[in-house]
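What follows is the content of run09.cif (mmCIF, C-alpha atoms and all ligand atoms; chains and numbers go by the auth columns).
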```
data_upload
#
loop_
_atom_site.group_PDB
_atom_site.id
_atom_site.type_symbol
_atom_site.label_atom_id
_atom_site.label_comp_id
_atom_site.label_asym_id
_atom_site.label_seq_id
_atom_site.Cartn_x
_atom_site.Cartn_y
_atom_site.Cartn_z
_atom_site.B_iso_or_equiv
_atom_site.auth_seq_id
_atom_site.auth_asym_id
ATOM 1 C CA MET A 1 6.266 -5.209 19.219 0.00 1 A
ATOM 2 C CA GLY A 2 5.697 -2.897 16.262 0.00 2 A
ATOM 3 C CA PHE A 3 2.453 -2.791 14.312 0.00 3 A
ATOM 4 C CA ASN A 4 -0.255 -5.334 13.628 0.00 4 A
ATOM 5 C CA ILE A 5 -0.349 -4.694 9.900 0.00 5 A
ATOM 6 C CA GLY A 6 -3.325 -5.292 7.635 0.00 6 A
ATOM 7 C CA ILE A 7 -2.581 -5.151 3.900 0.00 7 A
ATOM 8 C CA LEU A 8 -5.215 -4.357 1.279 0.00 8 A
ATOM 9 C CA ILE A 9 -4.515 -5.649 -2.244 0.00 9 A
ATOM 10 C CA SER A 10 -6.246 -6.086 -5.605 0.00 10 A
ATOM 11 C CA GLY A 11 -3.669 -7.966 -7.692 0.00 11 A
ATOM 12 C CA GLN A 12 -0.367 -9.805 -7.733 0.00 12 A
ATOM 13 C CA GLY A 13 0.672 -8.613 -4.296 0.00 13 A
ATOM 14 C CA SER A 14 4.442 -8.361 -4.767 0.00 14 A
ATOM 15 C CA ASN A 15 4.670 -5.467 -2.296 0.00 15 A
ATOM 16 C CA MET A 16 2.444 -7.423 0.088 0.00 16 A
ATOM 17 C CA LEU A 17 4.678 -10.499 -0.137 0.00 17 A
ATOM 18 C CA ASN A 18 7.758 -8.383 0.394 0.00 18 A
ATOM 19 C CA ILE A 19 6.297 -6.849 3.565 0.00 19 A
ATOM 20 C CA ILE A 20 5.223 -10.266 4.876 0.00 20 A
ATOM 21 C CA GLU A 21 8.717 -11.682 4.235 0.00 21 A
ATOM 22 C CA ALA A 22 10.417 -8.688 5.885 0.00 22 A
ATOM 23 C CA CYS A 23 8.250 -9.175 8.992 0.00 23 A
ATOM 24 C CA GLN A 24 8.800 -12.927 9.073 0.00 24 A
ATOM 25 C CA ALA A 25 12.577 -12.449 8.675 0.00 25 A
ATOM 26 C CA ASN A 26 12.523 -9.905 11.543 0.00 26 A
ATOM 27 C CA LYS A 27 13.733 -7.114 9.271 0.00 27 A
ATOM 28 C CA LEU A 28 10.732 -5.270 10.696 0.00 28 A
ATOM 29 C CA ILE A 29 9.470 -5.580 14.259 0.00 29 A
ATOM 30 C CA SER A 30 5.849 -5.558 13.031 0.00 30 A
ATOM 31 C CA ASP A 31 3.650 -8.501 12.011 0.00 31 A
ATOM 32 C CA VAL A 32 1.262 -8.864 9.104 0.00 32 A
ATOM 33 C CA ASN A 33 -1.931 -10.250 10.643 0.00 33 A
ATOM 34 C CA LEU A 34 -4.366 -9.900 7.761 0.00 34 A
ATOM 35 C CA VAL A 35 -4.492 -9.497 3.982 0.00 35 A
ATOM 36 C CA VAL A 36 -7.740 -8.321 2.393 0.00 36 A
ATOM 37 C CA SER A 37 -8.463 -8.399 -1.336 0.00 37 A
ATOM 38 C CA ASN A 38 -11.357 -6.743 -3.149 0.00 38 A
ATOM 39 C CA ASN A 39 -10.726 -8.886 -6.230 0.00 39 A
ATOM 40 C CA PRO A 40 -11.681 -12.600 -6.375 0.00 40 A
ATOM 41 C CA ASP A 41 -8.842 -13.229 -8.860 0.00 41 A
ATOM 42 C CA ALA A 42 -6.071 -11.526 -6.875 0.00 42 A
ATOM 43 C CA VAL A 43 -3.170 -13.988 -6.952 0.00 43 A
ATOM 44 C CA GLY A 44 -1.684 -12.190 -3.949 0.00 44 A
ATOM 45 C CA ILE A 45 -4.236 -13.912 -1.693 0.00 45 A
ATOM 46 C CA LYS A 46 -2.754 -17.362 -2.384 0.00 46 A
ATOM 47 C CA LYS A 47 0.753 -16.017 -1.764 0.00 47 A
ATOM 48 C CA ALA A 48 -0.372 -14.655 1.618 0.00 48 A
ATOM 49 C CA GLU A 49 -2.031 -17.943 2.554 0.00 49 A
ATOM 50 C CA LYS A 50 1.162 -19.838 1.694 0.00 50 A
ATOM 51 C CA LYS A 51 2.945 -17.624 4.202 0.00 51 A
ATOM 52 C CA GLY A 52 0.374 -18.546 6.855 0.00 52 A
ATOM 53 C CA ILE A 53 -1.354 -15.150 6.881 0.00 53 A
ATOM 54 C CA LYS A 54 -5.072 -14.832 7.512 0.00 54 A
ATOM 55 C CA THR A 55 -6.894 -13.538 4.415 0.00 55 A
ATOM 56 C CA ALA A 56 -10.309 -12.229 3.457 0.00 56 A
ATOM 57 C CA THR A 57 -11.808 -11.470 0.048 0.00 57 A
ATOM 58 C CA ILE A 58 -14.483 -8.797 0.205 0.00 58 A
ATOM 59 C CA LEU A 59 -16.176 -7.844 -3.031 0.00 59 A
ATOM 60 C CA GLN A 60 -17.877 -4.490 -3.445 0.00 60 A
ATOM 61 C CA SER A 61 -20.361 -6.126 -5.840 0.00 61 A
ATOM 62 C CA ASN A 62 -21.773 -8.133 -2.909 0.00 62 A
ATOM 63 C CA PHE A 63 -22.936 -4.950 -1.195 0.00 63 A
ATOM 64 C CA LEU A 64 -25.590 -2.445 -2.173 0.00 64 A
ATOM 65 C CA LYS A 65 -23.710 0.516 -0.736 0.00 65 A
ATOM 66 C CA LYS A 66 -20.003 1.353 -0.722 0.00 66 A
ATOM 67 C CA LYS A 67 -20.351 2.077 3.003 0.00 67 A
ATOM 68 C CA ASP A 68 -21.395 -1.528 3.673 0.00 68 A
ATOM 69 C CA PHE A 69 -18.416 -2.817 1.670 0.00 69 A
ATOM 70 C CA GLU A 70 -16.061 -0.598 3.661 0.00 70 A
ATOM 71 C CA ASP A 71 -17.733 -1.542 6.945 0.00 71 A
ATOM 72 C CA ALA A 72 -17.046 -5.191 6.092 0.00 72 A
ATOM 73 C CA ILE A 73 -13.350 -4.397 5.531 0.00 73 A
ATOM 74 C CA ASN A 74 -13.262 -2.381 8.734 0.00 74 A
ATOM 75 C CA PHE A 75 -14.874 -5.246 10.650 0.00 75 A
ATOM 76 C CA GLU A 76 -12.140 -7.671 9.514 0.00 76 A
ATOM 77 C CA LEU A 77 -9.383 -5.184 10.348 0.00 77 A
ATOM 78 C CA LYS A 78 -10.783 -4.563 13.832 0.00 78 A
ATOM 79 C CA LYS A 79 -11.312 -8.287 14.441 0.00 79 A
ATOM 80 C CA GLU A 80 -7.591 -8.862 13.859 0.00 80 A
ATOM 81 C CA LYS A 81 -6.650 -5.823 16.004 0.00 81 A
ATOM 82 C CA ILE A 82 -4.937 -4.156 13.045 0.00 82 A
ATOM 83 C CA ASN A 83 -3.341 -0.812 13.920 0.00 83 A
ATOM 84 C CA LEU A 84 -1.666 0.022 10.598 0.00 84 A
ATOM 85 C CA VAL A 85 -3.305 -0.444 7.195 0.00 85 A
ATOM 86 C CA CYS A 86 -0.953 -0.709 4.205 0.00 86 A
ATOM 87 C CA LEU A 87 -2.431 -0.290 0.745 0.00 87 A
ATOM 88 C CA ALA A 88 -0.377 -2.274 -1.770 0.00 88 A
ATOM 89 C CA GLY A 89 -1.900 -2.103 -5.224 0.00 89 A
ATOM 90 C CA PHE A 90 -5.421 -1.693 -3.759 0.00 90 A
ATOM 91 C CA MET A 91 -7.191 -0.280 -6.811 0.00 91 A
ATOM 92 C CA THR A 92 -10.291 1.202 -5.199 0.00 92 A
ATOM 93 C CA ILE A 93 -10.782 4.682 -3.838 0.00 93 A
ATOM 94 C CA LEU A 94 -11.681 4.586 -0.157 0.00 94 A
ATOM 95 C CA SER A 95 -14.287 7.006 1.166 0.00 95 A
ATOM 96 C CA GLU A 96 -13.520 9.960 3.380 0.00 96 A
ATOM 97 C CA ALA A 97 -15.432 8.260 6.214 0.00 97 A
ATOM 98 C CA PHE A 98 -13.241 5.141 6.054 0.00 98 A
ATOM 99 C CA ILE A 99 -10.042 7.189 5.855 0.00 99 A
ATOM 100 C CA LYS A 100 -11.149 9.282 8.851 0.00 100 A
ATOM 101 C CA LYS A 101 -11.514 6.106 10.912 0.00 101 A
ATOM 102 C CA TRP A 102 -7.887 5.236 10.086 0.00 102 A
ATOM 103 C CA LYS A 103 -6.418 8.746 10.231 0.00 103 A
ATOM 104 C CA ASN A 104 -2.594 8.536 10.284 0.00 104 A
ATOM 105 C CA LYS A 105 -2.894 4.745 10.371 0.00 105 A
ATOM 106 C CA ILE A 106 -3.321 4.134 6.665 0.00 106 A
ATOM 107 C CA ILE A 107 -0.495 4.407 4.145 0.00 107 A
ATOM 108 C CA ASN A 108 -0.150 3.771 0.410 0.00 108 A
ATOM 109 C CA ILE A 109 2.541 3.102 -2.160 0.00 109 A
ATOM 110 C CA HIS A 110 2.253 4.934 -5.458 0.00 110 A
ATOM 111 C CA PRO A 111 4.437 4.348 -8.560 0.00 111 A
ATOM 112 C CA SER A 112 5.516 7.955 -9.194 0.00 112 A
ATOM 113 C CA LEU A 113 7.353 10.774 -7.497 0.00 113 A
ATOM 114 C CA LEU A 114 4.322 12.498 -5.979 0.00 114 A
ATOM 115 C CA PRO A 115 2.886 15.055 -6.382 0.00 115 A
ATOM 116 C CA SER A 116 3.539 14.255 -10.070 0.00 116 A
ATOM 117 C CA PHE A 117 1.462 11.668 -11.928 0.00 117 A
ATOM 118 C CA LYS A 118 -1.331 10.873 -9.486 0.00 118 A
ATOM 119 C CA GLY A 119 -4.016 8.305 -10.234 0.00 119 A
ATOM 120 C CA LEU A 120 -3.966 5.293 -12.534 0.00 120 A
ATOM 121 C CA ASN A 121 -1.055 4.154 -14.742 0.00 121 A
ATOM 122 C CA ALA A 122 1.392 6.545 -13.133 0.00 122 A
ATOM 123 C CA GLN A 123 4.358 4.760 -14.742 0.00 123 A
ATOM 124 C CA SER A 124 2.964 5.307 -18.263 0.00 124 A
ATOM 125 C CA GLN A 125 1.977 8.883 -17.434 0.00 125 A
ATOM 126 C CA ALA A 126 5.588 9.661 -16.463 0.00 126 A
ATOM 127 C CA PHE A 127 7.050 7.772 -19.442 0.00 127 A
ATOM 128 C CA ARG A 128 4.760 9.491 -21.943 0.00 128 A
ATOM 129 C CA TYR A 129 5.420 12.910 -20.436 0.00 129 A
ATOM 130 C CA GLY A 130 9.116 12.342 -21.073 0.00 130 A
ATOM 131 C CA VAL A 131 10.466 13.004 -17.580 0.00 131 A
ATOM 132 C CA LYS A 132 14.041 11.833 -17.052 0.00 132 A
ATOM 133 C CA TYR A 133 13.479 10.747 -13.471 0.00 133 A
ATOM 134 C CA THR A 134 10.479 9.049 -11.947 0.00 134 A
ATOM 135 C CA GLY A 135 10.132 6.720 -8.966 0.00 135 A
ATOM 136 C CA CYS A 136 7.756 5.783 -6.189 0.00 136 A
ATOM 137 C CA SER A 137 6.328 7.278 -3.018 0.00 137 A
ATOM 138 C CA VAL A 138 4.947 5.980 0.261 0.00 138 A
ATOM 139 C CA HIS A 139 2.487 8.418 1.777 0.00 139 A
ATOM 140 C CA TYR A 140 -0.264 8.716 4.344 0.00 140 A
ATOM 141 C CA VAL A 141 -3.714 8.371 2.827 0.00 141 A
ATOM 142 C CA ASP A 142 -5.980 11.366 3.125 0.00 142 A
ATOM 143 C CA LYS A 143 -9.260 12.319 1.494 0.00 143 A
ATOM 144 C CA GLU A 144 -7.656 13.561 -1.758 0.00 144 A
ATOM 145 C CA ILE A 145 -6.244 10.945 -4.135 0.00 145 A
ATOM 146 C CA ASP A 146 -2.475 10.340 -3.750 0.00 146 A
ATOM 147 C CA SER A 147 -2.136 13.572 -1.783 0.00 147 A
ATOM 148 C CA GLY A 148 -1.375 12.693 1.838 0.00 148 A
ATOM 149 C CA LYS A 149 1.887 13.585 3.579 0.00 149 A
ATOM 150 C CA ILE A 150 4.848 11.844 1.941 0.00 150 A
ATOM 151 C CA ILE A 151 6.768 9.460 4.190 0.00 151 A
ATOM 152 C CA ASP A 152 9.581 8.583 1.762 0.00 152 A
ATOM 153 C CA GLN A 153 10.439 8.292 -1.943 0.00 153 A
ATOM 154 C CA GLU A 154 12.844 6.454 -4.260 0.00 154 A
ATOM 155 C CA VAL A 155 14.065 7.751 -7.629 0.00 155 A
ATOM 156 C CA VAL A 156 14.348 5.806 -10.914 0.00 156 A
ATOM 157 C CA LYS A 157 16.201 7.252 -13.919 0.00 157 A
ATOM 158 C CA ILE A 158 14.532 6.820 -17.314 0.00 158 A
ATOM 159 C CA SER A 159 17.093 6.168 -20.052 0.00 159 A
ATOM 160 C CA GLU A 160 16.707 6.244 -23.849 0.00 160 A
ATOM 161 C CA LYS A 161 16.501 2.435 -23.938 0.00 161 A
ATOM 162 C CA ASP A 162 13.632 2.182 -21.449 0.00 162 A
ATOM 163 C CA THR A 163 10.111 1.140 -22.348 0.00 163 A
ATOM 164 C CA ILE A 164 6.968 1.449 -20.220 0.00 164 A
ATOM 165 C CA GLU A 165 7.463 -2.215 -19.251 0.00 165 A
ATOM 166 C CA SER A 166 11.099 -1.804 -18.206 0.00 166 A
ATOM 167 C CA ILE A 167 10.313 1.352 -16.232 0.00 167 A
ATOM 168 C CA THR A 168 7.374 -0.359 -14.502 0.00 168 A
ATOM 169 C CA ARG A 169 9.719 -3.227 -13.503 0.00 169 A
ATOM 170 C CA LYS A 170 12.422 -0.856 -12.257 0.00 170 A
ATOM 171 C CA ILE A 171 9.907 1.134 -10.220 0.00 171 A
ATOM 172 C CA LEU A 172 8.448 -2.029 -8.677 0.00 172 A
ATOM 173 C CA MET A 173 11.922 -3.154 -7.579 0.00 173 A
ATOM 174 C CA LYS A 174 12.429 0.231 -5.903 0.00 174 A
ATOM 175 C CA GLU A 175 8.949 0.000 -4.345 0.00 175 A
ATOM 176 C CA HIS A 176 9.989 -3.154 -2.518 0.00 176 A
ATOM 177 C CA ILE A 177 12.952 -1.351 -0.932 0.00 177 A
ATOM 178 C CA LEU A 178 10.962 1.803 -0.252 0.00 178 A
ATOM 179 C CA TYR A 179 7.959 0.218 1.485 0.00 179 A
ATOM 180 C CA ILE A 180 10.195 -1.589 3.988 0.00 180 A
ATOM 181 C CA ASN A 181 12.231 1.565 4.670 0.00 181 A
ATOM 182 C CA ALA A 182 9.060 3.598 5.172 0.00 182 A
ATOM 183 C CA LEU A 183 7.709 1.009 7.603 0.00 183 A
ATOM 184 C CA LYS A 184 11.017 1.074 9.522 0.00 184 A
ATOM 185 C CA GLN A 185 10.675 4.838 9.823 0.00 185 A
ATOM 186 C CA LEU A 186 7.127 4.488 11.152 0.00 186 A
ATOM 187 C CA GLU A 187 8.265 1.845 13.638 0.00 187 A
ATOM 188 C CA GLU A 188 10.722 4.466 14.936 0.00 188 A
ATOM 189 C CA ILE A 189 7.970 7.064 15.369 0.00 189 A
ATOM 190 C CA TYR A 190 5.393 4.750 16.897 0.00 190 A
ATOM 191 C CA ILE A 191 5.830 2.056 19.472 0.00 191 A
ATOM 192 C CA ASP A 192 3.320 -0.765 19.943 0.00 192 A
ATOM 193 C CA GLY A 193 1.078 1.047 17.472 0.00 193 A
ATOM 194 C CA GLN A 194 0.967 4.127 19.753 0.00 194 A
ATOM 195 C CA ASP A 195 2.643 7.448 19.085 0.00 195 A
ATOM 196 C CA LYS A 196 5.862 7.603 21.170 0.00 196 A
ATOM 197 C CA LYS A 197 5.325 11.303 21.902 0.00 197 A
HETATM 198 C C1 LIG B . 2.436 -1.184 -7.592 0.00 201 A
HETATM 199 O O1 LIG B . 3.231 -0.682 -8.638 0.00 201 A
HETATM 200 C C2 LIG B . 1.800 -0.039 -6.833 0.00 201 A
HETATM 201 O O2 LIG B . 2.617 1.068 -6.682 0.00 201 A
HETATM 202 C C3 LIG B . 0.621 0.263 -7.712 0.00 201 A
HETATM 203 O O3 LIG B . 0.128 -0.999 -8.091 0.00 201 A
HETATM 204 C C4 LIG B . 1.214 -1.923 -8.154 0.00 201 A
HETATM 205 C C5 LIG B . 0.859 -3.127 -7.320 0.00 201 A
HETATM 206 O O4 LIG B . 1.832 -4.110 -7.472 0.00 201 A
HETATM 207 N N1 LIG B . -0.369 1.045 -7.035 0.00 201 A
HETATM 208 C C6 LIG B . -1.033 2.031 -7.614 0.00 201 A
HETATM 209 O O5 LIG B . -0.902 2.327 -8.786 0.00 201 A
HETATM 210 C C7 LIG B . -2.001 2.760 -6.718 0.00 201 A
HETATM 211 N N2 LIG B . -2.409 3.992 -7.304 0.00 201 A
HETATM 212 P P1 LIG B . 1.889 -5.326 -6.461 0.00 201 A
HETATM 213 O O6 LIG B . 0.470 -5.916 -6.405 0.00 201 A
HETATM 214 O O7 LIG B . 2.856 -6.274 -7.112 0.00 201 A
HETATM 215 O O8 LIG B . 2.355 -4.837 -5.129 0.00 201 A
#
```
Represent the structure from my file as structure tokens, please.
Amino acid sequence: MGFNIGILISGQGSNMLNIIEACQANKLISDVNLVVSNNPDAVGIKKAEKKGIKTATILQSNFLKKKDFEDAINFELKKEKINLVCLAGFMTILSEAFIKKWKNKIINIHPSLLPSFKGLNAQSQAFRYGVKYTGCSVHYVDKEIDSGKIIDQEVVKISEKDTIESITRKILMKEHILYINALKQLEEIYIDGQDKK
């Protein structure tokens, strides 16, 4: 049966769409049951709806406290019986309390070879530093930013001809491969959302 996946997004949702399509094409044994956006303009929400996925838009600005915003997200995830949360371009830092609730059940994709270039604009950080290889990482989310245990990584070579834009595109293409492979690995470890061991 795999996981009941909930995906949190803030933007275009290309990783989200890729995961939905992999599930619908039975490349994964999991299902995406919910997509949540924290951005009213996230175009990813429309893409999810077109694929028949339930969506919710939850804006932090509608809540006085961050806790209430996160409780609203948690409520939607629980309502849909989500047992794996995938962050896919979700550009908000989740609190320790939220992460604790989803310990080992929340993963993220980051556009660098962690532990290098954490935080925002990781592609530009790597490009400007002048590294010859960068890439992307899927990792468990823990209380430190972009620091949880790494599940898998993909490498992208930076050539003389590359620009920040071309590198960002190359990384995103690798992200799409990586996120599916990481989910396959998790499906092997867990069964029906429960640890096999
Ligand atoms: C992706 O490159 C993802 O790695 C990055 O945002 C982009 C979202 O693209 N996430 C982060 O930088 C998180 N720190 P998408 O909406 O097309 O999947």
> What do you get as a ChimeraX atom specification if you pick all residues at most 8 Å from ligand LIG 201 (chain A), counting all atoms listed in the file?
Replying inline: /A:9-17,44,88-91,108-112,118-122,136,146,168,171-172,175
What are the centre and the three edge lengths of an axis-aligned box that wraps all atoms of range 183-191 of chain A in the file, given that 3 Å is added to every side, written as lines of an AutoDock Vina configuration file and rounded to one decimal in Å?
```
center_x = 8.2
center_y = 4.0
center_z = 13.5
size_x = 11.6
size_y = 12.1
size_z = 17.9
```
>> Residues within 7 Å of range 98-103 of chain A, please, as a VMD selection string. Count only C-alpha atoms; anything in the same chain fewer than 2 positions from it doesn't count.
In response: chain A and resid 70 94 to 96 105 to 106 142 to 143
> Which distance in Å separates CA of Gln60 in chain A and CA of His139 in chain A, to one decimal?
Replying inline: 24.7 Å
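The two atoms in question, CA of Lys54 in chain A and CA of Leu183 in chain A, are spaced 20.4 Å apart.
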>> Assuming the chain letters and numbering stay as they are in my file, what does the PyMOL selection byres (((chain A and resi 83) around 8) and not hetatm) actually select? List them as a list of chain:residue names.
In response: A:Phe3, A:Asn4, A:Ile5, A:Gly6, A:Lys81, A:Ile82, A:Leu84, A:Val85, A:Lys105, A:Gly193
> For the atom pair CA of Leu87 in chain A and CA of Arg169 in chain A, what is the interatomic distance in Å to one decimal place?
Replying inline: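 Interatomic distance, CA of Leu87 in chain A to CA of Arg169 in chain A: 19.0 Å.
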>> I'd like the residues picked by the PyMOL selection byres (((chain A and resi 167) around 12) and not hetatm) written out as a ChimeraX atom specification, using the chain letters and numbers from the file.
In response: /A:111-112,121-128,131-136,155-166,168-174
>> Just checking: using only C-alpha atoms, which residue out of A:Lys51, A:Ile145, A:Ile29, A:Asn38 ends up closest to Phe63 in chain A?
In response: A:Asn38
Pull range 5-33 of chain A out of the block and emit C-alpha atoms, as a compact mmCIF listing (two decimals), in the first residue's frame.
```txt
# COMPACT_ATOMS: atom_id res chain seq x y z
CA ILE A 5 1.70 11.26 1.13
CA GLY A 6 0.96 14.89 1.92
CA ILE A 7 3.04 17.43 -0.01
CA LEU A 8 3.70 20.96 1.23
CA ILE A 9 4.55 23.54 -1.45
CA SER A 10 4.95 27.31 -1.87
CA GLY A 11 5.50 27.73 -5.61
CA GLN A 12 5.48 26.08 -9.02
CA GLY A 13 5.34 22.56 -7.64
CA SER A 14 7.36 20.71 -10.28
CA ASN A 15 8.64 18.21 -7.70
CA MET A 16 5.10 17.86 -6.38
CA LEU A 17 3.73 17.14 -9.86
CA ASN A 18 6.48 14.64 -10.51
CA ILE A 19 5.66 12.75 -7.30
CA ILE A 20 1.92 12.78 -8.09
CA GLU A 21 2.59 11.45 -11.61
CA ALA A 22 4.94 8.73 -10.32
CA CYS A 23 2.26 7.57 -7.87
CA GLN A 24 -0.50 7.69 -10.47
CA ALA A 25 1.67 5.74 -12.95
CA ASN A 26 2.38 3.13 -10.23
CA LYS A 27 6.10 3.87 -10.30
CA LEU A 28 5.64 4.23 -6.55
CA ILE A 29 3.28 2.16 -4.43
CA SER A 30 2.29 5.25 -2.41
CA ASP A 31 -0.52 7.74 -3.07
CA VAL A 32 -0.54 11.51 -2.81
CA ASN A 33 -3.68 12.33 -0.82
```
